[in-house]
Amino acid sequence: YIPVIGWQIDPFGHSSFQASAFADMCFIGEFFARIDYGDQAKREKDQTLEMIWRGSVSRPLESDIFTHKLYNHYSPLPGFFWELQADGLPRDPPIIDDGSESDNHEERVKLYIEEALDQAKHYRTNHILTLMGEDFTYNTGSPWYENMDKLMQYANKDDRIRIFYSTPSDYTR
């Protein structure tokens, strides 16, 4: 397997050389999280969080590369962080679908769909990338996967969105 996607989520600065270097390594896409706050606000407004990153102007167009600025840094959408905390509970409410008084699956799925549709407003495509996890998460993966599976099961019944597991390579294609 030869990597074709750059996953450089926490850089502190970018240059046109990076796009050219990644293209020279046969990368077809690059994903990162950090840009200047003003630049992010402008790109959100202009729907240019995804772009073709122009490589060095002295290089041919083959040095350009598809680039995606992650929407919510490299965090899940607000309200959907399920890493277990020191007390053994996830930071955000899990999806409960057992028919009890605590059953919240309709409310949680509705919130996720609203957050996803809000994110979608900042991109030109009808495909958006939402991340699940963050730094030092998945110490206990089961709460994440249990909740993501429930989220997909219920949210995919709504005609407005379709959620599925994917990869940056699949997203780029």
# chains A, B, ... in the order shown; residues from 1 in each chain; ligands from 1
>>> residues_around(residues="Asn126 (chain A)", least_positions_apart="4", cutoff="10 Å", atoms="only C-alpha atoms", output="VMD selection string")
chain A and resid 117 120 to 121 161
>>> write_last_selection(atoms="N, CA and C atoms", output="CSV table (one decimal), in the first residue's frame")
chain,number,residue,atom,x,y,z
A,117,LEU,N,-26.0,19.5,9.3
A,117,LEU,CA,-26.5,20.4,8.2
A,117,LEU,C,-25.9,21.8,8.4
A,120,ALA,N,-22.6,21.6,6.8
A,120,ALA,CA,-22.7,21.4,5.4
A,120,ALA,C,-22.8,22.8,4.7
A,121,LYS,N,-23.4,23.8,5.4
A,121,LYS,CA,-23.6,25.1,4.8
A,121,LYS,C,-22.2,25.7,4.4
A,161,ILE,N,-29.9,13.1,5.3
A,161,ILE,CA,-28.5,12.8,5.4
A,161,ILE,C,-28.3,11.3,5.3
>>> residues_around(residues="Pro60 (chain A)", least_positions_apart="4", cutoff="12 Å", atoms="only C-alpha atoms", output="JSON, numbers by chain")
{"A": [19, 20, 23, 24, 54, 55, 56, 64, 65]}
>>> closest_atom_pairs(of="region 102-171 of chain A", to="region 4-15 of chain A", cutoff="12 Å", atoms="only C-alpha atoms", output="CSV")
residue,atom,partner,partner_atom,distance
A:Leu131,CA,A:Ile9,CA,11.6
A:Glu134,CA,A:Ile9,CA,10.6
A:Asp135,CA,A:Asp10,CA,10.4
A:Thr167,CA,A:Ile5,CA,9.8
A:Pro168,CA,A:Ile5,CA,6.9
A:Ser169,CA,A:Ile5,CA,6.2
A:Asp170,CA,A:Ile5,CA,10.0
A:Tyr171,CA,A:Ile5,CA,10.3
>>> residues_around(residues="Pro93 (chain A)", least_positions_apart="3", cutoff="9 Å", atoms="only C-alpha atoms", output="MDAnalysis selection string")
chainID A and resid 79:82 89:90 96 104 108
>>> select_by_dssp(residues="chain A", states="helix (DSSP H, G or I)", output="PyMOL selection string")
chain A and resi 16-24+37-46+61-63+105-120+142-155+168-172
>>> atom_distance(atom1="CA of Asp158 (chain A)", atom2="CA of Gly99 (chain A)")
19.8 Å
>>> residues_around(residues="Ala41 (chain A)", least_positions_apart="5", cutoff="12 Å", atoms="only C-alpha atoms", output="JSON, numbers by chain")
{"A": [35, 36, 46, 47, 48, 49, 69, 71, 122]}
>>> atom_distance(atom1="CA of Pro3 (chain A)", atom2="CA of Gly29 (chain A)")
10.2 Å
>>> atom_distance(atom1="CA of Asn156 (chain A)", atom2="CA of Leu111 (chain A)")
13.8 Å
>>> residues_around(residues="His68 (chain A)", least_positions_apart="4", cutoff="8 Å", atoms="only C-alpha atoms", output="ChimeraX atom specification")
/A:29-32,49-51
>>> closest_residue(among="A:Glu146, A:Glu44, A:Glu107, A:Glu83", to="Leu70 (chain A)", atoms="only C-alpha atoms")
A:Glu44
